[in-house]
file upload-v6.cif (mmCIF, C-alpha atoms and all ligand atoms)
data_run
#
loop_
_atom_site.label_atom_id
_atom_site.label_comp_id
_atom_site.auth_asym_id
_atom_site.auth_seq_id
_atom_site.Cartn_x
_atom_site.Cartn_y
_atom_site.Cartn_z
CA MET A 1416 21.51 5.35 14.76
CA THR A 1417 19.71 8.55 15.63
CA ASN A 1418 16.07 8.72 16.54
CA GLU A 1419 15.87 12.22 15.18
CA ARG A 1420 13.61 11.88 12.17
CA ASP A 1421 12.23 14.54 9.81
CA VAL A 1422 10.21 11.91 7.96
CA LEU A 1423 8.75 8.74 9.44
CA ILE A 1424 8.86 5.82 7.04
CA THR A 1425 6.45 2.92 7.08
CA GLU A 1426 7.91 -0.15 5.38
CA VAL A 1427 5.06 -1.87 3.56
CA ALA A 1428 6.75 -4.84 1.83
CA LEU A 1429 5.35 -7.31 4.36
CA ARG A 1430 1.82 -6.13 3.50
CA ASP A 1431 1.73 -4.48 0.03
CA GLY A 1432 4.33 -7.01 -1.13
CA SER A 1433 1.93 -9.77 -0.23
CA HIS A 1434 0.05 -8.99 -3.49
CA ALA A 1435 3.22 -9.53 -5.51
CA ILE A 1436 3.81 -13.00 -4.09
CA ARG A 1437 0.19 -14.15 -4.05
CA HIS A 1438 0.00 -13.79 -0.26
CA GLN A 1439 2.51 -16.61 0.26
CA PHE A 1440 4.63 -15.14 3.10
CA THR A 1441 6.00 -17.63 5.61
CA VAL A 1442 6.61 -16.96 9.29
CA LYS A 1443 10.37 -17.25 8.73
CA GLN A 1444 10.39 -14.69 5.90
CA VAL A 1445 8.35 -12.24 7.95
CA THR A 1446 10.37 -12.63 11.15
CA ASP A 1447 13.74 -12.44 9.34
CA VAL A 1448 12.73 -9.30 7.46
CA ALA A 1449 10.95 -7.61 10.40
CA LYS A 1450 13.89 -8.26 12.77
CA ALA A 1451 16.37 -6.88 10.26
CA LEU A 1452 14.23 -3.80 9.52
CA ASP A 1453 13.95 -3.19 13.25
CA GLU A 1454 17.75 -3.37 13.56
CA ALA A 1455 18.02 -0.89 10.68
CA ASN A 1456 15.86 1.46 12.82
CA VAL A 1457 12.79 1.51 10.55
CA PRO A 1458 10.07 3.03 12.74
CA PHE A 1459 6.95 1.30 11.33
CA ILE A 1460 6.60 -2.09 9.65
CA GLU A 1461 3.25 -3.05 8.15
CA VAL A 1462 2.25 -6.72 8.28
CA SER A 1463 -1.12 -8.03 6.98
CA HIS A 1464 -2.67 -9.76 4.01
CA GLY A 1465 -2.19 -7.51 0.94
CA ASP A 1466 -5.84 -6.45 1.17
CA GLY A 1467 -5.60 -5.91 4.89
CA LEU A 1468 -6.95 -7.85 7.85
CA GLY A 1469 -9.47 -10.45 6.76
CA GLY A 1470 -8.28 -10.28 3.15
CA SER A 1471 -7.51 -13.99 2.88
CA SER A 1472 -10.40 -15.20 0.71
CA LEU A 1473 -11.36 -16.53 -2.69
CA GLN A 1474 -11.99 -12.95 -3.86
CA TYR A 1475 -8.59 -11.56 -2.91
CA GLY A 1476 -6.43 -14.68 -2.68
CA PHE A 1477 -5.86 -17.03 0.23
CA SER A 1478 -2.85 -16.44 2.49
CA LEU A 1479 -0.37 -19.26 2.94
CA THR A 1480 -0.01 -18.29 6.61
CA ASN A 1481 -2.70 -16.78 8.80
CA GLU A 1482 -1.88 -13.06 9.00
CA LEU A 1483 -2.46 -13.00 12.76
CA GLU A 1484 0.35 -15.52 13.09
CA LEU A 1485 2.55 -13.25 10.94
CA ILE A 1486 1.65 -10.18 13.01
CA GLU A 1487 2.36 -11.96 16.28
CA ALA A 1488 5.66 -13.31 14.95
CA ALA A 1489 6.76 -9.88 13.66
CA ALA A 1490 5.77 -8.18 16.91
CA SER A 1491 7.79 -10.73 18.89
CA VAL A 1492 11.08 -9.90 17.12
CA VAL A 1493 11.02 -6.10 17.01
CA LYS A 1494 12.50 -3.92 19.73
CA GLN A 1495 11.95 -0.33 18.61
CA ALA A 1496 9.76 -0.62 15.50
CA LYS A 1497 5.99 -0.56 15.71
CA ILE A 1498 4.00 -3.13 13.79
CA ALA A 1499 1.25 -1.59 11.66
CA VAL A 1500 -1.80 -3.35 10.26
CA LEU A 1501 -4.05 -2.34 7.38
CA LEU A 1502 -7.81 -2.66 7.62
CA LEU A 1503 -10.40 -1.98 4.94
CA PRO A 1504 -13.82 -1.69 6.62
CA GLY A 1505 -16.00 -4.36 5.06
CA ILE A 1506 -13.07 -6.73 4.52
CA GLY A 1507 -11.56 -6.54 8.01
CA THR A 1508 -13.75 -6.38 11.09
CA MET A 1509 -13.57 -4.77 14.50
CA PRO A 1510 -12.74 -8.16 16.14
CA ASP A 1511 -9.87 -8.57 13.64
CA LEU A 1512 -8.46 -5.23 14.76
CA LYS A 1513 -8.84 -6.07 18.45
CA GLN A 1514 -7.04 -9.36 17.88
CA ALA A 1515 -4.22 -7.69 15.94
CA ALA A 1516 -3.75 -5.19 18.78
CA LYS A 1517 -3.70 -8.01 21.31
CA LEU A 1518 -0.96 -9.71 19.30
CA GLY A 1519 1.23 -6.62 19.30
CA ALA A 1520 0.12 -4.24 16.53
CA LYS A 1521 0.71 -0.62 17.53
CA MET A 1522 -0.58 1.20 14.46
CA ALA A 1523 -3.82 0.77 12.52
CA ARG A 1524 -4.21 2.08 9.00
CA ILE A 1525 -7.88 2.32 8.11
CA ALA A 1526 -8.24 2.34 4.34
CA THR A 1527 -11.20 3.42 2.25
CA HIS A 1528 -11.77 4.37 -1.35
CA VAL A 1529 -11.00 8.08 -1.72
CA THR A 1530 -14.68 9.07 -1.78
CA GLU A 1531 -15.82 6.68 0.98
CA ALA A 1532 -14.22 7.96 4.17
CA ASP A 1533 -17.61 7.81 5.87
CA VAL A 1534 -17.34 4.02 6.21
CA SER A 1535 -14.39 4.46 8.58
CA PRO A 1536 -15.54 6.25 11.79
CA GLN A 1537 -16.16 3.14 13.89
CA HIS A 1538 -12.86 1.57 12.88
CA ILE A 1539 -10.90 4.76 13.50
CA ALA A 1540 -12.62 5.19 16.88
CA LEU A 1541 -11.88 1.59 17.84
CA ALA A 1542 -8.22 1.94 16.83
CA LYS A 1543 -7.94 5.03 19.05
CA ASP A 1544 -9.70 3.24 21.93
CA LEU A 1545 -7.21 0.42 21.59
CA GLY A 1546 -4.41 2.98 22.00
CA LEU A 1547 -3.13 2.49 18.46
CA GLU A 1548 -1.59 5.20 16.37
CA THR A 1549 -4.31 5.66 13.76
CA VAL A 1550 -3.97 6.48 10.10
CA GLY A 1551 -6.69 7.22 7.56
CA PHE A 1552 -5.64 5.84 4.18
CA LEU A 1553 -7.47 7.33 1.18
CA MET A 1554 -6.96 4.87 -1.66
CA MET A 1555 -7.14 5.55 -5.41
CA SER A 1556 -6.57 9.23 -4.71
CA HIS A 1557 -6.18 9.98 -8.43
CA MET A 1558 -9.92 9.32 -8.87
CA ALA A 1559 -11.09 12.35 -6.92
CA PRO A 1560 -10.46 16.04 -7.47
CA THR A 1561 -8.42 17.76 -4.79
CA GLU A 1562 -11.47 19.42 -3.14
CA LYS A 1563 -13.10 16.02 -2.68
CA LEU A 1564 -9.92 14.54 -1.27
CA VAL A 1565 -9.71 17.39 1.24
CA GLU A 1566 -13.34 16.88 2.25
CA GLN A 1567 -12.74 13.17 2.83
CA ALA A 1568 -9.48 13.73 4.69
CA LYS A 1569 -11.26 16.20 6.99
CA LEU A 1570 -13.83 13.53 7.75
CA MET A 1571 -11.07 11.14 8.80
CA GLU A 1572 -9.51 13.88 10.90
CA SER A 1573 -12.88 14.50 12.57
CA TYR A 1574 -13.18 10.77 13.37
CA GLY A 1575 -9.89 10.99 15.28
CA ALA A 1576 -7.20 9.90 12.81
CA ASP A 1577 -3.69 11.04 13.74
CA THR A 1578 -2.56 11.06 10.11
CA VAL A 1579 -4.22 11.00 6.69
CA TYR A 1580 -2.51 9.52 3.67
CA VAL A 1581 -2.85 10.32 -0.01
CA VAL A 1582 -2.64 6.84 -1.49
CA ASP A 1583 -1.71 6.56 -5.15
CA SER A 1584 -2.95 2.97 -5.41
CA ALA A 1585 -2.72 2.87 -9.19
CA GLY A 1586 0.58 4.71 -9.46
CA ALA A 1587 -1.32 7.09 -11.74
CA LEU A 1588 -0.64 10.48 -10.17
CA LEU A 1589 1.72 12.91 -11.88
CA PRO A 1590 4.05 15.09 -9.78
CA TYR A 1591 1.98 18.27 -10.18
CA GLN A 1592 -1.10 16.37 -8.98
CA VAL A 1593 0.71 15.09 -5.91
CA LYS A 1594 1.94 18.62 -5.20
CA GLU A 1595 -1.58 20.04 -5.41
CA ARG A 1596 -3.09 17.32 -3.22
CA ILE A 1597 -0.49 17.36 -0.47
CA ARG A 1598 -0.42 21.15 -0.37
CA ALA A 1599 -4.23 21.29 -0.06
CA LEU A 1600 -4.21 18.74 2.78
CA LYS A 1601 -1.42 20.55 4.58
CA ASP A 1602 -3.42 23.79 4.30
CA SER A 1603 -6.65 22.19 5.55
CA LEU A 1604 -5.68 19.65 8.23
CA LYS A 1605 -4.10 19.92 11.65
CA ILE A 1606 -2.91 16.31 11.65
CA ASN A 1607 0.04 14.66 9.85
CA VAL A 1608 -0.12 14.10 6.11
CA GLY A 1609 1.32 10.99 4.49
CA PHE A 1610 1.94 9.69 0.98
CA HIS A 1611 1.95 6.15 -0.46
CA ALA A 1612 3.17 5.70 -4.04
CA HIS A 1613 3.24 2.94 -6.65
CA ASN A 1614 5.93 2.93 -9.30
CA ASN A 1615 3.88 1.91 -12.34
CA LEU A 1616 4.80 5.09 -14.25
CA SER A 1617 8.30 5.21 -12.75
CA LEU A 1618 7.20 8.24 -10.71
CA ALA A 1619 7.14 6.82 -7.18
CA MET A 1620 10.41 8.47 -6.11
CA ALA A 1621 9.68 11.79 -7.85
CA ASN A 1622 6.16 11.91 -6.41
CA THR A 1623 7.41 11.02 -2.95
CA LEU A 1624 9.98 13.82 -3.05
CA VAL A 1625 7.32 16.28 -4.16
CA ALA A 1626 5.07 15.10 -1.32
CA ILE A 1627 7.89 15.65 1.20
CA GLU A 1628 8.65 19.08 -0.27
CA GLU A 1629 5.00 20.00 0.26
CA GLY A 1630 5.10 18.90 3.89
CA ALA A 1631 4.21 15.19 4.01
CA THR A 1632 6.05 13.67 6.96
CA ARG A 1633 4.71 10.11 6.83
CA ILE A 1634 5.98 8.18 3.84
CA ASP A 1635 5.58 4.59 2.67
CA GLY A 1636 8.18 2.54 0.90
CA SER A 1637 8.72 -1.07 -0.02
CA ILE A 1638 12.18 -2.49 0.19
CA ARG A 1639 13.42 -3.87 -3.15
CA CYS A 1640 10.08 -2.56 -4.53
CA LEU A 1641 8.26 -5.53 -3.00
CA GLY A 1642 4.76 -4.16 -3.49
CA ALA A 1643 1.76 -4.51 -5.79
CA GLY A 1644 2.16 -3.61 -9.47
CA ALA A 1645 5.67 -2.29 -10.06
CA GLY A 1646 6.03 -1.89 -6.29
CA ASN A 1647 6.17 1.25 -4.18
CA THR A 1648 8.87 3.84 -3.62
CA GLN A 1649 11.94 1.67 -3.08
CA THR A 1650 12.71 2.19 0.61
CA GLU A 1651 16.47 1.68 0.64
CA VAL A 1652 16.84 4.08 -2.31
CA LEU A 1653 14.54 6.61 -0.66
CA VAL A 1654 16.57 6.50 2.55
CA ALA A 1655 19.74 7.20 0.57
CA VAL A 1656 18.16 10.01 -1.47
CA LEU A 1657 16.72 11.67 1.64
CA ASP A 1658 20.08 11.42 3.33
CA LYS A 1659 21.66 13.26 0.38
CA LEU A 1660 18.97 15.92 0.76
CA GLY A 1661 19.75 16.30 4.46
CA ILE A 1662 16.34 14.91 5.46
CA LYS A 1663 16.65 12.60 8.47
CA THR A 1664 14.88 9.23 8.46
CA GLY A 1665 16.96 7.69 11.26
CA ILE A 1666 17.34 4.55 9.12
CA ASP A 1667 20.66 2.76 8.49
CA ILE A 1668 21.30 2.81 4.73
CA TYR A 1669 23.85 -0.02 4.62
CA LYS A 1670 21.62 -2.32 6.63
CA MET A 1671 18.69 -1.56 4.32
CA MET A 1672 20.80 -2.39 1.27
CA ASP A 1673 21.81 -5.69 2.84
CA ILE A 1674 18.23 -6.60 3.76
CA ALA A 1675 17.09 -5.80 0.21
CA GLU A 1676 19.82 -7.93 -1.31
CA GLU A 1677 20.02 -10.85 1.10
CA LEU A 1678 16.52 -11.25 2.54
CA VAL A 1679 14.00 -9.62 0.22
CA ALA A 1680 15.35 -10.36 -3.27
CA PRO A 1681 15.08 -14.14 -2.66
CA ILE A 1682 11.40 -13.73 -1.71
CA LEU A 1683 10.49 -12.18 -5.07
CA GLU A 1684 9.34 -14.64 -7.71
CA LYS A 1685 11.05 -12.37 -10.24
CA PRO A 1686 12.78 -9.00 -9.90
CA GLN A 1687 10.38 -6.06 -9.71
CA GLU A 1688 10.35 -4.05 -12.90
CA ILE A 1689 7.92 -1.94 -14.88
CA THR A 1690 6.40 -4.48 -17.23
CA LYS A 1691 3.86 -3.73 -19.95
CA ASP A 1692 1.08 -4.69 -17.53
CA SER A 1693 2.26 -2.59 -14.61
CA LEU A 1694 2.74 0.33 -16.99
CA VAL A 1695 -0.89 -0.03 -18.07
CA LEU A 1696 -1.98 0.03 -14.40
CA GLY A 1697 -0.51 3.52 -14.03
CA TYR A 1698 -1.55 4.66 -17.49
CA ALA A 1699 -5.17 3.54 -17.11
CA GLY A 1700 -5.45 4.26 -13.38
CA VAL A 1701 -6.12 0.72 -12.20
CA TYR A 1702 -5.64 -0.56 -8.64
CA SER A 1703 -2.13 -2.07 -8.52
CA SER A 1704 -3.27 -5.23 -6.76
CA PHE A 1705 -5.37 -6.14 -9.83
CA LEU A 1706 -2.18 -7.02 -11.74
CA LEU A 1707 -1.88 -10.74 -11.01
CA HIS A 1708 -5.66 -11.24 -11.08
CA ALA A 1709 -5.81 -9.69 -14.58
CA GLN A 1710 -2.90 -11.81 -15.78
CA LYS A 1711 -4.65 -14.93 -14.53
CA ALA A 1712 -7.89 -13.94 -16.27
CA ALA A 1713 -6.00 -13.17 -19.50
CA GLN A 1714 -4.42 -16.59 -19.43
CA ARG A 1715 -7.74 -18.28 -18.77
CA PHE A 1716 -9.48 -16.54 -21.68
CA GLY A 1717 -6.47 -16.40 -24.02
CA ILE A 1718 -6.58 -12.61 -24.34
CA ASP A 1719 -4.18 -9.69 -23.79
CA SER A 1720 -4.03 -8.67 -20.11
CA ARG A 1721 -3.56 -5.04 -21.20
CA ASP A 1722 -7.03 -5.07 -22.79
CA ILE A 1723 -8.53 -6.21 -19.50
CA LEU A 1724 -6.67 -3.55 -17.50
CA LEU A 1725 -7.57 -0.76 -19.93
CA GLU A 1726 -11.23 -1.74 -19.81
CA LEU A 1727 -11.14 -1.86 -15.99
CA GLY A 1728 -9.67 1.65 -16.09
CA ASN A 1729 -12.45 2.83 -18.46
CA ARG A 1730 -15.05 1.43 -16.10
CA LYS A 1731 -13.39 3.09 -13.11
CA VAL A 1732 -13.39 -0.16 -11.19
CA VAL A 1733 -12.18 0.22 -7.59
CA GLY A 1734 -10.77 -2.01 -4.85
CA GLY A 1735 -13.31 -4.58 -3.71
CA GLN A 1736 -14.52 -5.13 -7.29
CA GLU A 1737 -11.98 -7.86 -8.06
CA ASP A 1738 -14.81 -10.07 -9.33
CA MET A 1739 -15.18 -7.62 -12.24
CA ILE A 1740 -11.82 -8.74 -13.60
CA MET A 1741 -13.11 -12.14 -14.70
CA ASP A 1742 -16.36 -10.55 -15.96
CA VAL A 1743 -14.47 -8.06 -18.11
CA ALA A 1744 -12.15 -10.80 -19.41
CA ALA A 1745 -15.14 -12.96 -20.35
CA GLU A 1746 -16.80 -10.03 -22.13
CA ILE A 1747 -13.65 -9.19 -24.09
CA SER A 1748 -13.25 -12.81 -25.03
CA ASN A 1749 -16.90 -13.06 -26.17
CA ARG A 1750 -16.57 -9.86 -28.18
CA GLY A 1751 -13.54 -11.45 -29.87
CA LEU A 1752 -15.64 -14.49 -30.82
CA VAL A 1753 -18.41 -12.24 -32.17
CA HIS A 1754 -15.84 -10.43 -34.32
CA GLU A 1755 -14.45 -13.69 -35.66
CA HIS A 1756 -17.76 -15.10 -36.85
C1 LIG B 1801 -5.53 -2.77 -0.24
C2 LIG B 1801 -4.52 -1.97 -1.03
O1 LIG B 1801 -3.55 -2.82 -1.54
C3 LIG B 1801 -3.97 -0.85 -0.19
C4 LIG B 1801 -2.86 -0.16 -0.87
O2 LIG B 1801 -1.69 -0.39 -0.58
C5 LIG B 1801 -3.13 0.75 -1.97
O3 LIG B 1801 -4.30 1.11 -2.20
O4 LIG B 1801 -2.16 1.13 -2.65
MN MN B 1802 -0.28 0.06 -2.14
#
call {"tool": "encode", "arguments": {"input": "upload-v6.cif", "output": "structure tokens", "more": "lines below"}}
Ligand SMILES: C[C@H](O)CC(=O)C(=O)O
Ligand SMILES: [Mn+2]
result
Amino acid sequence: MTNERDVLITEVALRDGSHAIRHQFTVKQVTDVAKALDEANVPFIEVSHGDGLGGSSLQYGFSLTNELELIEAAASVVKQAKIAVLLLPGIGTMPDLKQAAKLGAKMARIATHVTEADVSPQHIALAKDLGLETVGFLMMSHMAPTEKLVEQAKLMESYGADTVYVVDSAGALLPYQVKERIRALKDSLKINVGFHAHNNLSLAMANTLVAIEEGATRIDGSIRCLGAGAGNTQTEVLVAVLDKLGIKTGIDIYKMMDIAEELVAPILEKPQEITKDSLVLGYAGVYSSFLLHAQKAAQRFGIDSRDILLELGNRKVVGGQEDMIMDVAAEISNRGLVHEH
């Protein structure tokens, strides 16, 4: 395989996919998948709890396996790929990042809500000090106008990030909005621009292609769509589509298809598809990782999960406010009782 790459893909199934399987990855699953992705010449493989380092908790869901064990195991089986970790300041800590680097992580992705880049300077600086390739990851990018996004991306650039990502956490962005955002970042930044999609409105591939057309060179995908909500841009499909477009990823398409089929499909509790709930995530602009939490709350209160998700969208709830899901479900359920009597 060639190492000539026009676009550098980060495979996120072993991190974003953690949401979809309630953070139940085993060491064997992670090492099998990471080794195979490395052999397929994927340049970056993200491994962490779904909510990043330190995410294993009552609030976000406990991991079956300590993520540091997963990171170390993945790092021990890759030859060319770099292991990436995600860190949300306030959930993950500086010692978590140091430990991840010690265990073999080579890239740190520091994620904040799209209007909160100013909580990231220490973490970005530490990542650089540790010699890690450093990415600023602006989540829920649909919630801010383009000018705000540019302002926040410039902050991350000024803190030392090598790349800034537009992150469509809710899978809510439409192609023209992606175009406008990526173009504005390309016009305003000197560093690389990346894009992370979710497929809740079936737009992940279209949005990713628009982002690449506008100059994004760092792109996320999840193999077999193993990501939160309806998953991300499906990596093996993206690799094939980019190949048809003459855009080099350096990734072996056949190997990716085999990994998807033989190693990743068996990990999924059910095949990834756009269900009524994941559709509502994109439609209402709700954080994709809220999906299973909302379904659990709906079951507990005997209400429709779509009502919870729509209300969360109305309230513009953001990542870190997972506790609101139960509150909203309880309120909807109480309102129902009031109506009945
Ligand atoms: C913590 C989130 O799951 C990060 C992410 O992948 C997103 O916002 O999308
Ligand atoms: Mn995501």
call {"tool": "atom_distance", "arguments": {"input": "upload-v6.cif", "atom1": "atom CA of A:Ala1680", "atom2": "atom CA of A:His1434"}}
result
15.4 Å
call {"tool": "residues_around", "arguments": {"input": "upload-v6.cif", "residues": "stretch 1589-1593 of chain A", "least_positions_apart": "5", "cutoff": "7 Å", "atoms": "only C-alpha atoms", "output": "MDAnalysis selection string"}}
result
chainID A and resid 1621:1622 1625:1626
call {"tool": "residues_near_point", "arguments": {"input": "upload-v6.cif", "point": "(-15.4, 5.0, 13.0)", "cutoff": "12 Å", "atoms": "only C-alpha atoms", "output": "NGL selection string"}}
result
:A and (1503-1504 or 1508-1509 or 1525-1527 or 1532-1544 or 1549-1551 or 1570-1576)
call {"tool": "write_last_selection", "arguments": {"input": "upload-v6.cif", "atoms": "C-alpha atoms", "output": "PDB file, in the frame of the given file"}}
result
ATOM      1  CA  LEU A1503     -10.400  -1.980   4.940  1.00  0.00           C
ATOM      2  CA  PRO A1504     -13.820  -1.690   6.620  1.00  0.00           C
ATOM      3  CA  THR A1508     -13.750  -6.380  11.090  1.00  0.00           C
ATOM      4  CA  MET A1509     -13.570  -4.770  14.500  1.00  0.00           C
ATOM      5  CA  ILE A1525      -7.880   2.320   8.110  1.00  0.00           C
ATOM      6  CA  ALA A1526      -8.240   2.340   4.340  1.00  0.00           C
ATOM      7  CA  THR A1527     -11.200   3.420   2.250  1.00  0.00           C
ATOM      8  CA  ALA A1532     -14.220   7.960   4.170  1.00  0.00           C
ATOM      9  CA  ASP A1533     -17.610   7.810   5.870  1.00  0.00           C
ATOM     10  CA  VAL A1534     -17.340   4.020   6.210  1.00  0.00           C
ATOM     11  CA  SER A1535     -14.390   4.460   8.580  1.00  0.00           C
ATOM     12  CA  PRO A1536     -15.540   6.250  11.790  1.00  0.00           C
ATOM     13  CA  GLN A1537     -16.160   3.140  13.890  1.00  0.00           C
ATOM     14  CA  HIS A1538     -12.860   1.570  12.880  1.00  0.00           C
ATOM     15  CA  ILE A1539     -10.900   4.760  13.500  1.00  0.00           C
ATOM     16  CA  ALA A1540     -12.620   5.190  16.880  1.00  0.00           C
ATOM     17  CA  LEU A1541     -11.880   1.590  17.840  1.00  0.00           C
ATOM     18  CA  ALA A1542      -8.220   1.940  16.830  1.00  0.00           C
ATOM     19  CA  LYS A1543      -7.940   5.030  19.050  1.00  0.00           C
ATOM     20  CA  ASP A1544      -9.700   3.240  21.930  1.00  0.00           C
ATOM     21  CA  THR A1549      -4.310   5.660  13.760  1.00  0.00           C
ATOM     22  CA  VAL A1550      -3.970   6.480  10.100  1.00  0.00           C
ATOM     23  CA  GLY A1551      -6.690   7.220   7.560  1.00  0.00           C
ATOM     24  CA  LEU A1570     -13.830  13.530   7.750  1.00  0.00           C
ATOM     25  CA  MET A1571     -11.070  11.140   8.800  1.00  0.00           C
ATOM     26  CA  GLU A1572      -9.510  13.880  10.900  1.00  0.00           C
ATOM     27  CA  SER A1573     -12.880  14.500  12.570  1.00  0.00           C
ATOM     28  CA  TYR A1574     -13.180  10.770  13.370  1.00  0.00           C
ATOM     29  CA  GLY A1575      -9.890  10.990  15.280  1.00  0.00           C
ATOM     30  CA  ALA A1576      -7.200   9.900  12.810  1.00  0.00           C
TER      31      ALA A1576
END
call {"tool": "residues_near_ligand", "arguments": {"input": "upload-v6.cif", "ligand": "ligand LIG 1801 (chain B)", "cutoff": "9 Å", "atoms": "all atoms listed in the file", "output": "ChimeraX atom specification"}}
result
/A:1427,1430-1434,1464-1467,1470,1501-1503,1526-1528,1552-1556,1582-1586,1611-1613,1642-1643,1647,1702-1704,1734-1735
call {"tool": "residues_near_point", "arguments": {"input": "upload-v6.cif", "point": "(16.9, -4.5, 15.2)", "cutoff": "9 Å", "atoms": "all atoms listed in the file", "output": "VMD selection string"}}
result
chain A and resid 1449 to 1457 1492 to 1496
call {"tool": "residues_around", "arguments": {"input": "upload-v6.cif", "residues": "A:Ser1748", "least_positions_apart": "2", "cutoff": "12 Å", "atoms": "all atoms listed in the file", "output": "PDB file with C-alpha atoms, keeping the file's coordinate frame"}}
result
ATOM      1  CA  ALA A1712      -7.890 -13.940 -16.270  1.00  0.00           C
ATOM      2  CA  ALA A1713      -6.000 -13.170 -19.500  1.00  0.00           C
ATOM      3  CA  GLN A1714      -4.420 -16.590 -19.430  1.00  0.00           C
ATOM      4  CA  ARG A1715      -7.740 -18.280 -18.770  1.00  0.00           C
ATOM      5  CA  PHE A1716      -9.480 -16.540 -21.680  1.00  0.00           C
ATOM      6  CA  GLY A1717      -6.470 -16.400 -24.020  1.00  0.00           C
ATOM      7  CA  ILE A1718      -6.580 -12.610 -24.340  1.00  0.00           C
ATOM      8  CA  ASP A1719      -4.180  -9.690 -23.790  1.00  0.00           C
ATOM      9  CA  SER A1720      -4.030  -8.670 -20.110  1.00  0.00           C
ATOM     10  CA  ASP A1722      -7.030  -5.070 -22.790  1.00  0.00           C
ATOM     11  CA  ILE A1723      -8.530  -6.210 -19.500  1.00  0.00           C
ATOM     12  CA  MET A1741     -13.110 -12.140 -14.700  1.00  0.00           C
ATOM     13  CA  ASP A1742     -16.360 -10.550 -15.960  1.00  0.00           C
ATOM     14  CA  VAL A1743     -14.470  -8.060 -18.110  1.00  0.00           C
ATOM     15  CA  ALA A1744     -12.150 -10.800 -19.410  1.00  0.00           C
ATOM     16  CA  ALA A1745     -15.140 -12.960 -20.350  1.00  0.00           C
ATOM     17  CA  GLU A1746     -16.800 -10.030 -22.130  1.00  0.00           C
ATOM     18  CA  ARG A1750     -16.570  -9.860 -28.180  1.00  0.00           C
ATOM     19  CA  GLY A1751     -13.540 -11.450 -29.870  1.00  0.00           C
ATOM     20  CA  LEU A1752     -15.640 -14.490 -30.820  1.00  0.00           C
ATOM     21  CA  VAL A1753     -18.410 -12.240 -32.170  1.00  0.00           C
ATOM     22  CA  HIS A1754     -15.840 -10.430 -34.320  1.00  0.00           C
ATOM     23  CA  GLU A1755     -14.450 -13.690 -35.660  1.00  0.00           C
TER      24      GLU A1755
END
call {"tool": "residues_around", "arguments": {"input": "upload-v6.cif", "residues": "stretch 1668-1677 of chain A", "least_positions_apart": "5", "cutoff": "12 Å", "atoms": "all atoms listed in the file", "output": "PyMOL selection string"}}
result
chain A and resi 1416+1426+1428+1444+1447-1457+1636-1641+1649-1659+1663+1682-1683+1686-1687
call {"tool": "atom_distance", "arguments": {"input": "upload-v6.cif", "atom1": "atom CA of A:Phe1705", "atom2": "atom CA of A:Val1733"}}
result
9.6 Å
